[in-house]
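Comments concern the structure below.
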Amino acid sequence: MDDSVRGALARTPVEVRALTEPEARFAGAVAARALRDNPMMAYSIPGDALARLHAGYEAFGERVPTGSVGALLGTHVIGVAAAVAPGACIGATAVEALRTRPDVPPDQALGFDRARYVINSMCEHDPAERHIHVGPVGVERGVQGLGVGAAMMRALCDALDADGELAWLETDKPENVVFYRRHGFDVDVEGTALGFPIWYMRRRPR
């Protein structure tokens with residue numbers, strides 16, 4: 001990291017706290033930008049970055065509940081670690097059409113069938129036991145690698161431990177597996193049915 005960046009970060013502390021309702025909407029947009037080109041998004045909407053961004057805005061704008069952990073630079077949301085309450089995650093709320101696998105193989109799926117495959121995989125792996133579903137987790141691209149994500153996850157995990165809650169998440173990048181392991185998550189399943197790995201990870205309260 002450049003010394004000037006370190007100095008700027010030290011002079012401008014990032015506030016990590018629970019998000020208000022208006023901030024949660026901004027946080028969903030942050031997640032959309034941060035996750036735009038991740039494998040699950042790239043599989044769901046290949047070849048069109050603007051379409052992926054739009055889909056992320058639509059999806060994540062509704063998936064960041066008030067009270068999720070966020071990172072703010074002044075009044076601006078620059079990161080989010082969303083936490084969805086037990087019984088409210090995608091595995092519990094997805095409609096039957098999204099739980100049903102398309103009739104074509106994953107590598108031949110087109111259009112919305114690709115998104116159906118991703119959602120179906122999440123639903124299939126969603127644990128039956130009570131859990132907090134973590135995600136989306138993302139940091140604005142310009143400030144990734146500065147410790148913002150780690151600060152949010154520490155705050156989130158402290159809250160999980162205080163409440164005695166089990167946590168569950170999915171991630172599609174190997175470097176994220178390393179990141180989440182640092183915060184107490186373990187790989188429960190590694191799925192490869194879609195042609196790329198998705199790691200499903202569990203964290204028991206400390």
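In the structure tokens, chains take letters A, B, ... by order of appearance, with residues numbered from 1 within each chain and ligands from 1 in the order shown.
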
Nearby residues (only C-alpha atoms) at most 8 Å from Gly184 (chain A), same-chain spacing under 3 positions excluded, as a list in words: Tyr180, Arg181, Arg203 and Arg204 of chain A

Go ahead and write the selection's residues with N, CA, C and O atoms as a PDB file, in the first residue's frame.
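Okay, this is what ended up in part-v8.pdb:
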ATOM      1  N   TYR A 180     -12.441 -15.071   5.011  1.00  0.00           N
ATOM      2  CA  TYR A 180     -13.477 -15.485   5.962  1.00  0.00           C
ATOM      3  C   TYR A 180     -12.938 -16.466   6.998  1.00  0.00           C
ATOM      4  O   TYR A 180     -13.395 -16.469   8.155  1.00  0.00           O
ATOM      5  N   ARG A 181     -11.985 -17.282   6.608  1.00  0.00           N
ATOM      6  CA  ARG A 181     -11.379 -18.183   7.594  1.00  0.00           C
ATOM      7  C   ARG A 181     -10.707 -17.403   8.722  1.00  0.00           C
ATOM      8  O   ARG A 181     -10.714 -17.841   9.872  1.00  0.00           O
ATOM      9  N   ARG A 203     -19.955 -20.572  10.403  1.00  0.00           N
ATOM     10  CA  ARG A 203     -19.218 -20.076  11.573  1.00  0.00           C
ATOM     11  C   ARG A 203     -20.080 -20.276  12.821  1.00  0.00           C
ATOM     12  O   ARG A 203     -21.206 -19.764  12.907  1.00  0.00           O
ATOM     13  N   ARG A 204     -19.548 -21.007  13.773  1.00  0.00           N
ATOM     14  CA  ARG A 204     -20.245 -21.209  15.034  1.00  0.00           C
ATOM     15  C   ARG A 204     -19.842 -20.111  16.007  1.00  0.00           C
ATOM     16  O   ARG A 204     -18.710 -19.632  15.972  1.00  0.00           O
TER      17      ARG A 204
END

Quick one: residues within 10 Å of region 46-60 of chain A, only C-alpha atoms, excluding same-chain residues fewer than 5 positions away - as a PyMOL selection string? chain A and resi 24-41+65+82+110-111+114+135-136

Now that the selection is made, can you save its residues with C-alpha atoms as a PDB file, in the first residue's frame?
ATOM      1  CA  ALA A  24     -28.730   0.322   3.788  1.00  0.00           C
ATOM      2  CA  ARG A  25     -29.963   1.281   0.320  1.00  0.00           C
ATOM      3  CA  PHE A  26     -26.652   2.994  -0.436  1.00  0.00           C
ATOM      4  CA  ALA A  27     -24.862  -0.074   0.914  1.00  0.00           C
ATOM      5  CA  GLY A  28     -26.671  -2.282  -1.594  1.00  0.00           C
ATOM      6  CA  ALA A  29     -25.277  -0.133  -4.400  1.00  0.00           C
ATOM      7  CA  VAL A  30     -21.781  -0.454  -2.923  1.00  0.00           C
ATOM      8  CA  ALA A  31     -22.174  -4.246  -2.953  1.00  0.00           C
ATOM      9  CA  ALA A  32     -23.386  -4.179  -6.562  1.00  0.00           C
ATOM     10  CA  ARG A  33     -20.260  -2.331  -7.685  1.00  0.00           C
ATOM     11  CA  ALA A  34     -17.908  -4.450  -5.579  1.00  0.00           C
ATOM     12  CA  LEU A  35     -19.337  -7.805  -6.717  1.00  0.00           C
ATOM     13  CA  ARG A  36     -20.156  -6.920 -10.321  1.00  0.00           C
ATOM     14  CA  ASP A  37     -17.539  -9.185 -11.902  1.00  0.00           C
ATOM     15  CA  ASN A  38     -17.436 -12.008  -9.346  1.00  0.00           C
ATOM     16  CA  PRO A  39     -17.890 -15.497 -10.846  1.00  0.00           C
ATOM     17  CA  MET A  40     -21.522 -15.904  -9.785  1.00  0.00           C
ATOM     18  CA  MET A  41     -22.462 -12.567 -11.317  1.00  0.00           C
ATOM     19  CA  PRO A  65     -31.400  -5.094   6.009  1.00  0.00           C
ATOM     20  CA  ALA A  82     -25.046  -7.551   5.476  1.00  0.00           C
ATOM     21  CA  LEU A 110     -29.264 -18.905 -21.214  1.00  0.00           C
ATOM     22  CA  GLY A 111     -30.877 -15.773 -19.839  1.00  0.00           C
ATOM     23  CA  ARG A 114     -28.399 -18.899 -15.319  1.00  0.00           C
ATOM     24  CA  GLY A 135     -23.998 -11.306   2.545  1.00  0.00           C
ATOM     25  CA  PRO A 136     -23.591  -9.391   0.445  1.00  0.00           C
TER      26      PRO A 136
END

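Residue nearest Gly91 (chain A), chosen from A:Cys123, A:Ala167, A:Ala151, A:Val187 and counting only C-alpha atoms: A:Cys123.
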
Please provide the set of residues having any atom within 7 Å of Ala18 (chain A), restricted to only C-alpha atoms, with same-chain residues fewer than 5 positions apart removed, written as a PDB file with all heavy atoms, in the first residue's frame.
ATOM      1  N   GLY A  67     -29.644  -2.201   9.995  1.00  0.00           N
ATOM      2  CA  GLY A  67     -28.924  -2.796  11.111  1.00  0.00           C
ATOM      3  C   GLY A  67     -27.727  -3.623  10.690  1.00  0.00           C
ATOM      4  O   GLY A  67     -26.925  -4.037  11.538  1.00  0.00           O
ATOM      5  N   SER A  68     -27.591  -3.914   9.379  1.00  0.00           N
ATOM      6  CA  SER A  68     -26.387  -4.596   8.900  1.00  0.00           C
ATOM      7  C   SER A  68     -25.167  -3.730   9.191  1.00  0.00           C
ATOM      8  O   SER A  68     -25.271  -2.510   9.327  1.00  0.00           O
ATOM      9  CB  SER A  68     -26.484  -4.861   7.398  1.00  0.00           C
ATOM     10  OG  SER A  68     -27.494  -5.795   7.106  1.00  0.00           O
ATOM     11  N   VAL A  69     -24.012  -4.359   9.258  1.00  0.00           N
ATOM     12  CA  VAL A  69     -22.784  -3.611   9.527  1.00  0.00           C
ATOM     13  C   VAL A  69     -22.337  -2.888   8.263  1.00  0.00           C
ATOM     14  O   VAL A  69     -22.329  -3.464   7.168  1.00  0.00           O
ATOM     15  CB  VAL A  69     -21.673  -4.545  10.020  1.00  0.00           C
ATOM     16  CG1 VAL A  69     -20.347  -3.787  10.168  1.00  0.00           C
ATOM     17  CG2 VAL A  69     -22.057  -5.179  11.355  1.00  0.00           C
ATOM     18  N   GLY A  70     -21.993  -1.620   8.413  1.00  0.00           N
ATOM     19  CA  GLY A  70     -21.486  -0.850   7.295  1.00  0.00           C
ATOM     20  C   GLY A  70     -20.241  -0.082   7.676  1.00  0.00           C
ATOM     21  O   GLY A  70     -19.927   0.068   8.864  1.00  0.00           O
TER      22      GLY A  70
END

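Atom pair CA of Glu190 (chain A) / CA of Gly79 (chain A): separated by 26.3 Å.
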
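Neighbours of Ile90 (chain A) closer than or equal to 8 Å, with only C-alpha atoms counted and sequence neighbours fewer than 2 positions away skipped, come out as A:Ala88, A:Ala92, A:Thr93, A:Ala94, A:Ile119, A:Met122, A:Cys123.
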
Taking only C-alpha atoms into account, which of A:Val84, A:Ala128, A:Leu98, A:Leu146 comes nearest Ala115 (chain A)? A:Leu98

In chain A, DSSP strand (DSSP E) residues written as number ranges by chain: A: 15-18, 69-73, 76-84, 132-139, 167-171, 186-191, 198-203
